[in-house]
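Q: My structure is in work-v8.txt, and what it holds is compact mmCIF, C-alpha atoms:
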```txt
# COMPACT_ATOMS: atom_id res chain seq x y z
CA MET Z 14 -74.21 38.20 -69.76
CA ASN Z 15 -77.78 37.12 -70.21
CA ILE Z 16 -78.81 35.73 -73.55
CA SER Z 17 -80.60 38.84 -74.72
CA ASP Z 18 -77.51 41.01 -74.28
CA ARG Z 19 -75.47 38.50 -76.23
CA ASP Z 20 -78.03 38.46 -79.01
CA VAL Z 21 -78.02 42.23 -79.17
CA VAL Z 22 -74.24 42.35 -79.35
CA LEU Z 23 -74.19 39.78 -82.15
CA ASP Z 24 -76.83 41.76 -83.98
CA VAL Z 25 -74.78 44.95 -83.71
CA ARG Z 26 -71.69 43.13 -84.87
CA GLN Z 27 -73.58 42.03 -87.95
CA GLY Z 28 -74.10 45.66 -88.87
CA ASN Z 29 -77.37 46.55 -87.16
CA ARG Z 30 -76.24 49.59 -85.23
CA ASP Z 31 -79.81 50.44 -84.19
CA ALA Z 32 -79.86 47.29 -82.08
CA PHE Z 33 -77.37 48.94 -79.77
CA GLY Z 34 -80.20 51.19 -78.62
CA ARG Z 35 -81.62 48.31 -76.63
CA LEU Z 36 -78.43 48.06 -74.56
CA VAL Z 37 -78.49 51.81 -74.01
CA ARG Z 38 -82.07 51.72 -72.76
CA VAL Z 39 -81.45 48.73 -70.50
CA TYR Z 40 -78.30 50.10 -68.84
CA GLN Z 41 -78.67 53.89 -69.00
CA GLY Z 42 -80.18 54.13 -65.51
CA ARG Z 43 -77.50 52.03 -63.82
CA LEU Z 44 -74.70 53.67 -65.75
CA PHE Z 45 -75.92 57.21 -65.20
CA GLY Z 46 -76.21 56.58 -61.46
CA LEU Z 47 -72.69 55.19 -61.36
CA VAL Z 48 -71.21 58.09 -63.30
CA MET Z 49 -73.19 60.61 -61.29
CA MET Z 50 -71.79 59.12 -58.11
CA ILE Z 51 -68.23 59.50 -59.41
CA VAL Z 52 -68.32 62.96 -61.00
CA ARG Z 53 -71.06 64.43 -58.77
CA ASP Z 54 -72.12 66.82 -61.49
CA ARG Z 55 -75.23 66.26 -63.57
CA ALA Z 56 -74.01 67.89 -66.77
CA GLY Z 57 -70.72 66.04 -66.48
CA ALA Z 58 -72.49 62.76 -65.81
CA GLU Z 59 -74.61 63.19 -68.92
CA GLU Z 60 -71.53 63.89 -70.99
CA VAL Z 61 -69.62 60.93 -69.59
CA ALA Z 62 -72.56 58.53 -69.87
CA GLN Z 63 -73.10 59.45 -73.51
CA ASP Z 64 -69.40 59.09 -74.23
CA ALA Z 65 -69.29 55.72 -72.48
CA PHE Z 66 -72.06 54.28 -74.61
CA VAL Z 67 -70.52 55.60 -77.81
CA ARG Z 68 -67.11 54.24 -76.81
CA ALA Z 69 -68.68 50.88 -76.02
CA PHE Z 70 -70.21 50.82 -79.47
CA THR Z 71 -67.03 51.77 -81.32
CA HIS Z 72 -64.94 49.35 -79.25
CA LEU Z 73 -67.36 46.45 -79.34
CA ALA Z 74 -64.70 44.45 -81.16
CA HIS Z 75 -62.72 44.33 -77.94
CA TYR Z 76 -65.63 43.08 -75.87
CA ASP Z 77 -65.52 39.38 -74.96
CA ASP Z 78 -69.12 38.26 -75.31
CA ARG Z 79 -68.50 35.32 -72.99
CA ARG Z 80 -68.46 37.78 -70.12
CA PRO Z 81 -71.29 39.96 -68.80
CA PHE Z 82 -71.81 43.19 -70.72
CA TYR Z 83 -72.44 45.64 -67.90
CA PRO Z 84 -69.09 45.24 -66.06
CA TRP Z 85 -67.30 45.95 -69.33
CA LEU Z 86 -69.46 48.99 -69.95
CA ALA Z 87 -69.01 50.15 -66.35
CA ALA Z 88 -65.23 49.88 -66.65
CA ILE Z 89 -65.32 52.18 -69.68
CA ALA Z 90 -67.53 54.63 -67.82
CA VAL Z 91 -65.31 54.65 -64.73
CA ARG Z 92 -62.23 55.46 -66.80
CA LEU Z 93 -64.05 58.21 -68.68
CA ALA Z 94 -65.40 59.65 -65.45
CA GLN Z 95 -61.89 59.73 -63.98
CA ASN Z 96 -60.63 61.42 -67.13
CA TRP Z 97 -63.45 63.92 -66.92
CA LEU Z 98 -62.47 64.84 -63.40
CA VAL Z 99 -58.86 65.33 -64.41
CA ALA Z 100 -59.79 67.36 -67.47
CA ARG Z 101 -62.02 69.62 -65.45
CA GLY Z 102 -59.06 70.47 -63.28
CA ARG Z 103 -61.00 70.41 -60.08
CA THR Z 104 -59.40 70.46 -56.68
CA LEU Z 105 -60.59 66.88 -56.45
CA ARG Z 106 -57.90 65.82 -58.87
CA ARG Z 107 -56.40 63.32 -56.46
CA GLU Z 108 -59.66 61.40 -56.19
CA SER Z 109 -59.52 60.69 -59.89
CA THR Z 110 -56.03 59.28 -59.79
CA SER Z 111 -55.86 57.49 -56.50
CA LEU Z 112 -58.08 55.52 -54.24
CA ASP Z 113 -57.09 57.00 -50.93
CA SER Z 114 -59.63 56.78 -48.20
CA ALA Z 115 -59.80 60.36 -47.03
CA PRO Z 116 -63.36 61.63 -47.45
CA GLU Z 117 -63.51 64.63 -49.71
CA PRO Z 118 -65.81 67.60 -49.42
CA ALA Z 119 -69.06 66.65 -51.07
CA ALA Z 120 -69.37 70.01 -52.77
CA ASP Z 121 -72.10 68.85 -55.09
CA ALA Z 122 -73.78 66.47 -52.71
CA GLY Z 123 -76.71 68.79 -52.20
CA ALA Z 124 -77.33 69.04 -55.89
CA LEU Z 125 -76.99 65.29 -56.12
CA ALA Z 126 -79.38 64.62 -53.32
CA GLY Z 127 -81.94 66.90 -54.94
CA LEU Z 128 -82.15 64.40 -57.77
CA VAL Z 129 -83.36 61.64 -55.46
CA ALA Z 130 -86.95 62.18 -54.49
CA ASP Z 131 -87.46 60.09 -51.37
CA GLU Z 132 -86.04 61.67 -48.20
CA ARG Z 133 -84.62 58.52 -46.67
CA ARG Z 134 -83.12 57.39 -49.94
CA ARG Z 135 -81.67 60.84 -50.39
CA GLU Z 136 -79.99 60.52 -46.99
CA LEU Z 137 -78.40 57.24 -47.97
CA TRP Z 138 -77.36 58.57 -51.38
CA ASP Z 139 -75.86 61.61 -49.71
CA ALA Z 140 -73.94 59.42 -47.27
CA VAL Z 141 -72.52 57.30 -50.07
CA ALA Z 142 -71.73 60.40 -52.14
CA SER Z 143 -69.69 61.77 -49.24
CA LEU Z 144 -67.33 58.79 -49.28
CA SER Z 145 -63.98 58.99 -51.06
CA SER Z 146 -63.98 58.40 -54.80
CA GLY Z 147 -62.72 54.84 -54.58
CA GLU Z 148 -65.06 53.90 -51.77
CA ARG Z 149 -68.23 55.24 -53.34
CA THR Z 150 -67.41 53.80 -56.75
CA ALA Z 151 -66.73 50.40 -55.19
CA VAL Z 152 -69.95 50.58 -53.16
CA VAL Z 153 -72.09 51.39 -56.18
CA LEU Z 154 -70.49 48.73 -58.35
CA PHE Z 155 -70.50 46.00 -55.70
CA TYR Z 156 -73.79 46.56 -53.91
CA ARG Z 157 -76.10 48.41 -56.25
CA ASP Z 158 -74.81 47.03 -59.55
CA GLU Z 159 -74.03 43.62 -58.03
CA LEU Z 160 -70.68 43.19 -59.74
CA ALA Z 161 -68.29 40.55 -58.46
CA VAL Z 162 -65.24 41.81 -56.57
CA GLY Z 163 -63.03 40.82 -59.50
CA ASP Z 164 -65.11 42.86 -61.92
CA VAL Z 165 -65.06 45.87 -59.61
CA ALA Z 166 -61.29 45.52 -59.37
CA ARG Z 167 -60.94 45.44 -63.14
CA ALA Z 168 -63.18 48.49 -63.52
CA LEU Z 169 -61.08 50.47 -61.06
CA GLY Z 170 -57.75 49.04 -62.17
CA VAL Z 171 -56.80 47.75 -58.73
CA THR Z 172 -56.54 44.37 -57.01
CA ALA Z 173 -59.43 42.48 -55.45
CA GLY Z 174 -57.79 42.96 -52.07
CA THR Z 175 -57.91 46.72 -52.53
CA ILE Z 176 -61.61 46.53 -53.33
CA LYS Z 177 -62.28 44.54 -50.17
CA THR Z 178 -60.41 47.16 -48.18
CA LEU Z 179 -62.35 49.98 -49.83
CA LEU Z 180 -65.66 48.26 -49.09
CA PHE Z 181 -64.59 47.61 -45.50
CA ARG Z 182 -63.76 51.28 -45.00
CA ALA Z 183 -66.89 52.39 -46.79
CA ARG Z 184 -69.12 50.31 -44.53
CA ARG Z 185 -67.38 51.67 -41.47
CA HIS Z 186 -67.76 55.27 -42.67
CA LEU Z 187 -71.40 54.72 -43.55
CA ARG Z 188 -72.07 53.13 -40.17
CA GLU Z 189 -70.49 56.10 -38.46
CA ARG Z 190 -72.34 58.58 -40.62
CA LEU Z 191 -75.78 57.06 -40.68
CA GLY Z 192 -75.75 55.40 -37.29
CA ALA Z 193 -77.86 52.49 -36.14
CA ALA Z 194 -80.76 54.66 -35.04
CA SER Z 195 -81.15 56.17 -38.47
CA LEU Z 196 -81.13 52.81 -40.15
CA PHE Z 197 -83.67 51.30 -37.77
CA LYS Z 198 -85.92 54.31 -38.12
CA ASP Z 199 -86.24 53.53 -41.78
CA VAL Z 200 -86.80 49.83 -41.31
CA SER Z 201 -89.75 50.38 -39.05
CA SER Z 202 -91.40 52.79 -41.45
CA MET N 3 -64.41 38.34 -28.24
CA THR N 4 -64.42 42.10 -27.71
CA CYS N 5 -66.61 44.83 -29.17
CA ALA N 6 -63.71 45.88 -31.41
CA HIS N 7 -63.52 42.36 -32.85
CA VAL N 8 -67.24 42.21 -33.47
CA LEU N 9 -67.44 45.67 -35.03
CA GLY N 10 -64.53 44.78 -37.28
CA LEU N 11 -66.35 41.65 -38.31
CA ILE N 12 -69.47 43.65 -39.03
CA ASP N 13 -67.61 46.16 -41.19
CA ALA N 14 -65.90 43.39 -43.10
CA GLY N 15 -69.34 42.13 -44.06
CA PRO N 16 -69.18 39.47 -46.75
CA PHE N 17 -65.37 39.49 -46.69
CA ALA N 18 -64.91 38.62 -43.05
CA GLU N 19 -62.25 35.95 -42.78
CA TYR N 20 -63.33 34.40 -39.54
CA SER N 21 -63.82 30.78 -38.64
CA GLN N 22 -67.27 29.42 -37.85
CA GLU N 23 -66.37 29.30 -34.18
CA GLN N 24 -65.34 32.93 -34.21
CA MET N 25 -68.55 33.86 -36.03
CA ASP N 26 -70.61 32.00 -33.44
CA ALA N 27 -68.71 33.72 -30.65
CA ALA N 28 -69.29 37.09 -32.30
CA ARG N 29 -73.02 36.43 -32.60
CA ALA N 30 -73.17 35.33 -28.99
CA HIS N 31 -71.36 38.51 -27.97
CA ALA N 32 -73.65 40.67 -30.10
CA ARG N 33 -76.79 39.14 -28.57
CA GLY N 34 -75.85 40.37 -25.13
CA CYS N 35 -74.05 43.58 -26.07
CA PRO N 36 -75.95 46.87 -26.22
CA THR N 37 -73.44 48.25 -28.74
CA CYS N 38 -72.72 45.32 -31.02
CA GLY N 39 -76.27 43.91 -31.15
CA PRO N 40 -77.83 46.97 -32.78
CA ALA N 41 -74.70 47.45 -34.93
CA LEU N 42 -75.01 43.92 -36.27
CA GLU N 43 -78.65 44.39 -37.14
CA ALA N 44 -77.95 47.81 -38.62
CA ALA N 45 -75.22 46.30 -40.79
CA ALA N 46 -77.71 43.86 -42.25
CA VAL N 47 -80.07 46.72 -42.96
CA MET N 48 -77.25 48.70 -44.52
CA THR N 49 -76.42 45.86 -46.87
CA THR N 50 -80.04 45.62 -47.95
CA GLU N 51 -80.29 49.37 -48.47
CA LEU N 52 -77.05 49.58 -50.40
CA ARG N 53 -78.27 46.86 -52.73
CA ALA N 54 -81.32 48.98 -53.36
CA LEU N 55 -79.34 52.20 -53.51
CA PRO N 56 -81.38 54.63 -55.52
CA GLY N 57 -79.94 56.89 -58.11
CA PRO N 58 -81.06 59.85 -60.10
CA ASP N 59 -83.05 59.06 -63.20
CA ALA N 60 -81.07 59.16 -66.39
CA PRO N 61 -81.97 62.03 -68.70
CA ALA N 62 -85.05 61.09 -70.69
CA ASP N 63 -83.31 61.76 -73.98
CA LEU N 64 -80.04 60.00 -73.17
CA ALA N 65 -80.74 56.98 -75.39
CA ASN N 66 -81.84 59.20 -78.27
CA ILE N 67 -78.73 61.37 -78.01
CA VAL N 68 -76.44 58.34 -77.88
CA MET N 69 -78.11 56.68 -80.85
CA ALA N 70 -77.96 59.94 -82.82
CA GLN N 71 -74.22 60.11 -82.18
CA ILE N 72 -73.82 56.49 -83.21
CA ALA N 73 -75.84 57.09 -86.37
CA GLN N 74 -73.41 59.83 -87.35
CA LEU N 75 -70.37 57.60 -87.08
CA PRO N 76 -68.81 56.75 -90.41
CA GLU N 77 -69.17 53.25 -91.76
CA PRO N 78 -65.64 52.11 -90.91
CA ASP N 79 -66.50 52.43 -87.26
CA VAL N 80 -69.32 49.96 -87.76
CA ALA N 81 -67.03 47.62 -89.61
CA ALA N 82 -64.60 47.83 -86.72
CA VAL N 83 -67.28 46.36 -84.50
CA ALA N 84 -66.56 42.95 -86.05
CA VAL N 85 -65.13 40.46 -83.59
CA VAL N 86 -61.39 40.18 -83.53
CA ARG N 87 -60.36 37.02 -81.77
CA ARG N 88 -57.59 34.46 -81.79
CA PRO N 89 -58.67 31.10 -83.22
CA ASP N 90 -60.11 28.66 -80.69
CA TRP N 91 -57.41 26.06 -81.44
CA ALA N 92 -54.56 28.44 -80.68
CA GLN N 93 -54.68 28.09 -76.91
CA GLY N 94 -54.86 24.29 -77.10
CA VAL N 95 -51.91 24.11 -79.47
CA THR N 96 -49.88 26.39 -77.22
CA VAL N 97 -50.55 24.24 -74.18
CA LEU N 98 -49.89 21.02 -76.08
CA GLY N 99 -46.62 22.35 -77.48
CA GLY N 100 -45.46 23.44 -74.06
CA LEU N 101 -46.31 20.06 -72.58
CA VAL N 102 -44.58 18.09 -75.34
CA ALA N 103 -41.43 20.19 -75.15
CA GLY N 104 -41.37 20.18 -71.38
CA LEU N 105 -41.98 16.45 -71.00
CA ALA N 106 -39.43 15.60 -73.68
CA LEU N 107 -36.86 17.75 -71.97
CA ILE N 108 -37.54 16.26 -68.55
CA LEU N 109 -37.76 12.63 -69.61
CA THR N 110 -34.66 12.66 -71.80
CA MET N 111 -32.37 14.82 -69.73
CA PRO N 112 -29.45 12.86 -68.33
CA THR N 113 -28.32 13.80 -64.89
CA GLY N 114 -25.06 15.62 -64.58
CA ALA N 115 -23.69 12.94 -62.31
CA ASN N 116 -24.24 10.23 -64.94
CA VAL N 117 -22.37 12.19 -67.55
CA LEU N 118 -19.55 13.70 -65.60
CA GLY N 119 -19.27 11.61 -62.52
CA ASP N 120 -19.17 12.93 -59.05
CA PHE N 121 -16.29 15.34 -59.63
CA VAL N 122 -18.29 18.03 -61.40
CA THR N 123 -21.41 19.62 -60.04
CA PRO N 124 -23.51 20.51 -63.08
CA ARG N 125 -25.39 23.20 -61.24
CA PHE N 126 -22.26 25.34 -60.95
CA SER N 127 -20.48 24.45 -64.15
CA ALA N 128 -21.11 25.60 -67.71
CA ALA N 129 -19.68 22.34 -69.00
CA GLY N 130 -21.93 20.43 -66.66
CA ALA N 131 -24.94 22.41 -67.79
CA LEU N 132 -24.17 21.63 -71.43
CA ALA N 133 -23.73 18.00 -70.56
CA THR N 134 -27.24 17.83 -69.16
CA LEU N 135 -28.82 18.77 -72.47
CA PRO N 136 -30.44 15.86 -74.30
CA SER N 137 -28.35 14.67 -77.21
CA SER N 138 -30.41 11.90 -78.81
CA ALA N 139 -32.16 12.70 -82.08
CA PRO N 140 -35.68 11.67 -80.93
CA ALA N 141 -35.36 13.86 -77.87
CA VAL N 142 -34.22 16.85 -79.86
CA LEU N 143 -36.97 16.19 -82.39
CA ALA N 144 -39.64 16.01 -79.70
CA ILE N 145 -38.45 19.17 -78.03
CA GLY N 146 -38.26 20.99 -81.34
CA LEU N 147 -41.75 19.85 -82.30
CA GLY N 148 -43.12 20.96 -78.96
CA LEU N 149 -41.51 24.36 -79.25
CA LEU N 150 -42.82 24.72 -82.80
CA LEU N 151 -46.37 23.96 -81.68
CA TYR N 152 -45.99 26.39 -78.81
CA VAL N 153 -44.87 29.20 -81.09
CA VAL N 154 -47.58 28.47 -83.68
CA GLY N 155 -50.28 28.61 -81.01
CA LEU N 156 -48.84 31.69 -79.40
CA PHE N 157 -48.60 33.69 -82.60
CA ALA N 158 -51.65 32.34 -84.40
CA PRO N 159 -53.09 35.09 -86.60
CA VAL N 160 -56.00 37.01 -85.18
CA ARG N 161 -59.13 36.48 -87.23
CA SER N 162 -61.97 38.85 -87.76
CA LYS N 163 -65.57 37.76 -88.03
CA SER N 164 -68.84 39.59 -87.94
```
Is it possible to express this structure as structure tokens?

A:
Amino acid sequence: MNISDRDVVLDVRQGNRDAFGRLVRVYQGRLFGLVMMIVRDRAGAEEVAQDAFVRAFTHLAHYDDRRPFYPWLAAIAVRLAQNWLVARGRTLRRESTSLDSAPEPAADAGALAGLVADERRRELWDAVASLSSGERTAVVLFYRDELAVGDVARALGVTAGTIKTLLFRARRHLRERLGAASLFKDVSS
Amino acid sequence: MTCAHVLGLIDAGPFAEYSQEQMDAARAHARGCPTCGPALEAAAVMTTELRALPGPDAPADLANIVMAQIAQLPEPDVAAVAVVRRPDWAQGVTVLGGLVAGLALILTMPTGANVLGDFVTPRFSAAGALATLPSSAPAVLAIGLGLLLYVVGLFAPVRSKS
């Protein structure tokens, strides 16, 4: 955790609940992207992101301020997103309860991709969104959010070895999906 | 080094458990391979792109909605935000107690052979096992003290502070 997050948490713990707004503003983009990638539904992502922040506030007593804040917040969001998927009773139920590697139909991928303006970035987002639940969550947490493998494992409730396997499979699937030509095309532009 | 090895190494990315020699061999293979060379470079690009993976913008009013919800929470929820943590000394006392008890037990334990001779193997005999327990008062005292410290540290009351 950087010093400003720690200060904010201490401030909130002293009764200044408005101070929590700073943490919300700092992390809302990262958290919303993570949740969106898991639930693949904008309305659901909004609901889960809001709930995650409120849960983080009400459970701040359980947060160890010697550790970074975002991984703790992300772990809450991942659990809530999984619960949301189960509660919705979608056919994707198994993705919320297991981390199997079978890619699932990206039913909402088009809607997701529409939220990312740049074409190339949309292609990458779409490719990641088409991975299995465990793979795409691990990819977002490890690469985009730069969490350590141990923190990703805690967020998903699995071992570090499982995370490494998920990332290995994810990279292979992305390589197959995007292909070298596609990647180089973007580099040269 | 085959293409399959090199592609596996590429997919493993930062978690590849290869020796330096194997890495060098893989790089040498990739330099001259029309399949692995581009794949290796593409993997590096992929890593860079994933680190910069874009996402949809959060709703503009997300922070306001969250803070409005928080503002509506009753006061006890704010009070619950106070830190609940075991005292800092608890862990040290637990470790110290365990060490004292353990060392006292090890240093004062007579061997079964000394007590019973060579006719009884303590490992397989209840009597032998009892005979290996320390019997001197200082030893018992030290072990008891260690265990007491261990329990005190382990069950130290959780304190709450804001």

Q: Mind pulling up the distance from CA of Ser146 (chain Z) to CA of Arg55 (chain Z)?

A: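 Those two atoms sit 16.3 Å apart.
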
Q: As an exercise, work out the distance from CA of Thr96 (chain N) to CA of Pro84 (chain Z) in Å and give it to one decimal place.

A: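 Value for the CA of Thr96 (chain N)-CA of Pro84 (chain Z) distance: 29.1 Å.
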
Q: Counting only C-alpha atoms, find the residues whose atoms lie at most 7 Å from (-69.2, 58.6, -47.3) (file coordinates) and write them out as a PDB file with C-alpha atoms, keeping the file's coordinate frame.

A:
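Generated file (out.pdb):
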```pdb
ATOM      1  CA  PRO Z 116     -63.360  61.630 -47.450  1.00  0.00           C
ATOM      2  CA  ALA Z 140     -73.940  59.420 -47.270  1.00  0.00           C
ATOM      3  CA  VAL Z 141     -72.520  57.300 -50.070  1.00  0.00           C
ATOM      4  CA  ALA Z 142     -71.730  60.400 -52.140  1.00  0.00           C
ATOM      5  CA  SER Z 143     -69.690  61.770 -49.240  1.00  0.00           C
ATOM      6  CA  LEU Z 144     -67.330  58.790 -49.280  1.00  0.00           C
ATOM      7  CA  SER Z 145     -63.980  58.990 -51.060  1.00  0.00           C
ATOM      8  CA  ARG Z 149     -68.230  55.240 -53.340  1.00  0.00           C
ATOM      9  CA  ALA Z 183     -66.890  52.390 -46.790  1.00  0.00           C
ATOM     10  CA  HIS Z 186     -67.760  55.270 -42.670  1.00  0.00           C
ATOM     11  CA  LEU Z 187     -71.400  54.720 -43.550  1.00  0.00           C
TER      12      LEU Z 187
END
```

Q: CA of Ala94 (chain Z) and CA of Leu23 (chain Z), how far apart in Å?

A: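 Spanning CA of Leu23 (chain Z) to CA of Ala94 (chain Z) is a straight-line distance of 27.4 Å.
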
Q: Go through N:Ala103, N:Ala45, N:Ala141, N:Leu149 and flag the residue nearest chain Z, using only C-alpha atoms for the distances.

A: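 Among the listed residues, N:Ala45 lies closest to chain Z.
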
Q: Residues near Phe70 (chain Z), anyone? I mean within 12 Å using only C-alpha atoms, not counting same-chain ones fewer than 2 positions away, as a ChimeraX atom specification.

A: /Z:21-22,25-26,28-34,36-37,63-68,72-76,82,85-86,89 /N:68-69,71-73,75,79-84

Q: Looking at Z:Arg19, Z:Arg43, Z:Arg80, Z:Arg53, which one is nearest to chain N, with distances taken over all atoms listed in the file?

A: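 For chain N, the nearest of the given residues is Z:Arg43.
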
Q: Between Z:Asp24, Z:Glu159, Z:Asp77, Z:Glu60, single out the one closest to Ala90 (chain Z), counting only C-alpha atoms.

A: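 Nearest candidate to Ala90 (chain Z) out of Z:Asp24, Z:Glu159, Z:Asp77, Z:Glu60: Z:Glu60.
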
Q: Using only C-alpha atoms, determine which residues lie at most 8 Å from region 164-167 of chain Z, disregarding the query and same-chain residues fewer than 2 positions distant; provide the list as a PyMOL selection string.

A: chain Z and resi 84+88+151+154-155+160-162+169-173+175-176

Q: Nearest to chain Z among N:Ala28, N:Leu55, N:Leu9, N:Ile145, with distances taken over all atoms listed in the file: which residue is it?

A: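 Among the listed residues, N:Leu55 lies closest to chain Z.
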
Q: Between Z:Arg188, Z:Asp158, Z:Gly174, Z:Ala56, which is the closest to Pro40 (chain N) once you count only C-alpha atoms?

A: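 Closest to Pro40 (chain N) of all the choices is Z:Arg188.
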
Q: Considering all atoms listed in the file, state which residue in the set Z:Gly42, Z:Ala168, Z:Val52, Z:Ala58 is at the smallest distance from chain N.

A: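 For chain N, the nearest of the candidates is Z:Gly42.
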
Q: Using all atoms listed in the file, can you list as a compact mmCIF listing (two decimals) with C-alpha atoms, in the frame of the given file the residues within 12 Å of (-46.2, 27.0, -78.9)?

A:
```txt
# COMPACT_ATOMS: atom_id res chain seq x y z
CA TRP N 91 -57.41 26.06 -81.44
CA ALA N 92 -54.56 28.44 -80.68
CA GLN N 93 -54.68 28.09 -76.91
CA GLY N 94 -54.86 24.29 -77.10
CA VAL N 95 -51.91 24.11 -79.47
CA THR N 96 -49.88 26.39 -77.22
CA VAL N 97 -50.55 24.24 -74.18
CA LEU N 98 -49.89 21.02 -76.08
CA GLY N 99 -46.62 22.35 -77.48
CA GLY N 100 -45.46 23.44 -74.06
CA LEU N 101 -46.31 20.06 -72.58
CA VAL N 102 -44.58 18.09 -75.34
CA ALA N 103 -41.43 20.19 -75.15
CA GLY N 104 -41.37 20.18 -71.38
CA ILE N 145 -38.45 19.17 -78.03
CA GLY N 146 -38.26 20.99 -81.34
CA LEU N 147 -41.75 19.85 -82.30
CA GLY N 148 -43.12 20.96 -78.96
CA LEU N 149 -41.51 24.36 -79.25
CA LEU N 150 -42.82 24.72 -82.80
CA LEU N 151 -46.37 23.96 -81.68
CA TYR N 152 -45.99 26.39 -78.81
CA VAL N 153 -44.87 29.20 -81.09
CA VAL N 154 -47.58 28.47 -83.68
CA GLY N 155 -50.28 28.61 -81.01
CA LEU N 156 -48.84 31.69 -79.40
CA PHE N 157 -48.60 33.69 -82.60
CA ALA N 158 -51.65 32.34 -84.40
```

Q: Could region 60-78 of chain Z be written out with N, CA and C atoms, as a PDB file, in the first residue's frame, please?

A:
```
ATOM      1  N   GLU Z  60     -23.408  -2.838 -10.421  1.00  0.00           N
ATOM      2  CA  GLU Z  60     -23.968  -3.298  -9.142  1.00  0.00           C
ATOM      3  C   GLU Z  60     -22.885  -3.919  -8.259  1.00  0.00           C
ATOM      4  N   VAL Z  61     -22.069  -4.777  -8.878  1.00  0.00           N
ATOM      5  CA  VAL Z  61     -21.031  -5.466  -8.108  1.00  0.00           C
ATOM      6  C   VAL Z  61     -19.955  -4.481  -7.639  1.00  0.00           C
ATOM      7  N   ALA Z  62     -19.577  -3.560  -8.502  1.00  0.00           N
ATOM      8  CA  ALA Z  62     -18.537  -2.591  -8.113  1.00  0.00           C
ATOM      9  C   ALA Z  62     -19.013  -1.733  -6.947  1.00  0.00           C
ATOM     10  N   GLN Z  63     -20.244  -1.291  -7.017  1.00  0.00           N
ATOM     11  CA  GLN Z  63     -20.788  -0.501  -5.898  1.00  0.00           C
ATOM     12  C   GLN Z  63     -20.777  -1.325  -4.611  1.00  0.00           C
ATOM     13  N   ASP Z  64     -21.252  -2.555  -4.729  1.00  0.00           N
ATOM     14  CA  ASP Z  64     -21.334  -3.425  -3.556  1.00  0.00           C
ATOM     15  C   ASP Z  64     -19.942  -3.696  -2.976  1.00  0.00           C
ATOM     16  N   ALA Z  65     -18.972  -3.842  -3.876  1.00  0.00           N
ATOM     17  CA  ALA Z  65     -17.604  -4.129  -3.411  1.00  0.00           C
ATOM     18  C   ALA Z  65     -17.048  -2.968  -2.591  1.00  0.00           C
ATOM     19  N   PHE Z  66     -17.270  -1.770  -3.063  1.00  0.00           N
ATOM     20  CA  PHE Z  66     -16.769  -0.616  -2.306  1.00  0.00           C
ATOM     21  C   PHE Z  66     -17.472  -0.482  -0.955  1.00  0.00           C
ATOM     22  N   VAL Z  67     -18.784  -0.703  -0.964  1.00  0.00           N
ATOM     23  CA  VAL Z  67     -19.518  -0.583   0.301  1.00  0.00           C
ATOM     24  C   VAL Z  67     -19.077  -1.684   1.272  1.00  0.00           C
ATOM     25  N   ARG Z  68     -18.894  -2.894   0.742  1.00  0.00           N
ATOM     26  CA  ARG Z  68     -18.410  -3.993   1.591  1.00  0.00           C
ATOM     27  C   ARG Z  68     -17.027  -3.675   2.147  1.00  0.00           C
ATOM     28  N   ALA Z  69     -16.177  -3.113   1.297  1.00  0.00           N
ATOM     29  CA  ALA Z  69     -14.828  -2.766   1.759  1.00  0.00           C
ATOM     30  C   ALA Z  69     -14.908  -1.766   2.905  1.00  0.00           C
ATOM     31  N   PHE Z  70     -15.817  -0.825   2.783  1.00  0.00           N
ATOM     32  CA  PHE Z  70     -15.966   0.173   3.841  1.00  0.00           C
ATOM     33  C   PHE Z  70     -16.450  -0.475   5.137  1.00  0.00           C
ATOM     34  N   THR Z  71     -17.495  -1.277   5.032  1.00  0.00           N
ATOM     35  CA  THR Z  71     -18.079  -1.849   6.252  1.00  0.00           C
ATOM     36  C   THR Z  71     -17.183  -2.933   6.866  1.00  0.00           C
ATOM     37  N   HIS Z  72     -16.268  -3.471   6.070  1.00  0.00           N
ATOM     38  CA  HIS Z  72     -15.380  -4.511   6.599  1.00  0.00           C
ATOM     39  C   HIS Z  72     -13.949  -4.006   6.747  1.00  0.00           C
ATOM     40  N   LEU Z  73     -13.788  -2.721   6.817  1.00  0.00           N
ATOM     41  CA  LEU Z  73     -12.433  -2.160   6.891  1.00  0.00           C
ATOM     42  C   LEU Z  73     -11.685  -2.630   8.147  1.00  0.00           C
ATOM     43  N   ALA Z  74     -12.443  -3.047   9.150  1.00  0.00           N
ATOM     44  CA  ALA Z  74     -11.809  -3.565  10.364  1.00  0.00           C
ATOM     45  C   ALA Z  74     -10.998  -4.815  10.085  1.00  0.00           C
ATOM     46  N   HIS Z  75     -11.367  -5.536   9.055  1.00  0.00           N
ATOM     47  CA  HIS Z  75     -10.678  -6.791   8.743  1.00  0.00           C
ATOM     48  C   HIS Z  75      -9.511  -6.589   7.786  1.00  0.00           C
ATOM     49  N   TYR Z  76      -9.321  -5.363   7.350  1.00  0.00           N
ATOM     50  CA  TYR Z  76      -8.245  -5.093   6.398  1.00  0.00           C
ATOM     51  C   TYR Z  76      -6.932  -4.856   7.158  1.00  0.00           C
ATOM     52  N   ASP Z  77      -5.903  -5.552   6.754  1.00  0.00           N
ATOM     53  CA  ASP Z  77      -4.573  -5.396   7.352  1.00  0.00           C
ATOM     54  C   ASP Z  77      -3.848  -4.276   6.603  1.00  0.00           C
ATOM     55  N   ASP Z  78      -3.703  -3.136   7.260  1.00  0.00           N
ATOM     56  CA  ASP Z  78      -3.146  -1.980   6.551  1.00  0.00           C
ATOM     57  C   ASP Z  78      -1.638  -2.089   6.310  1.00  0.00           C
TER      58      ASP Z  78
END
```
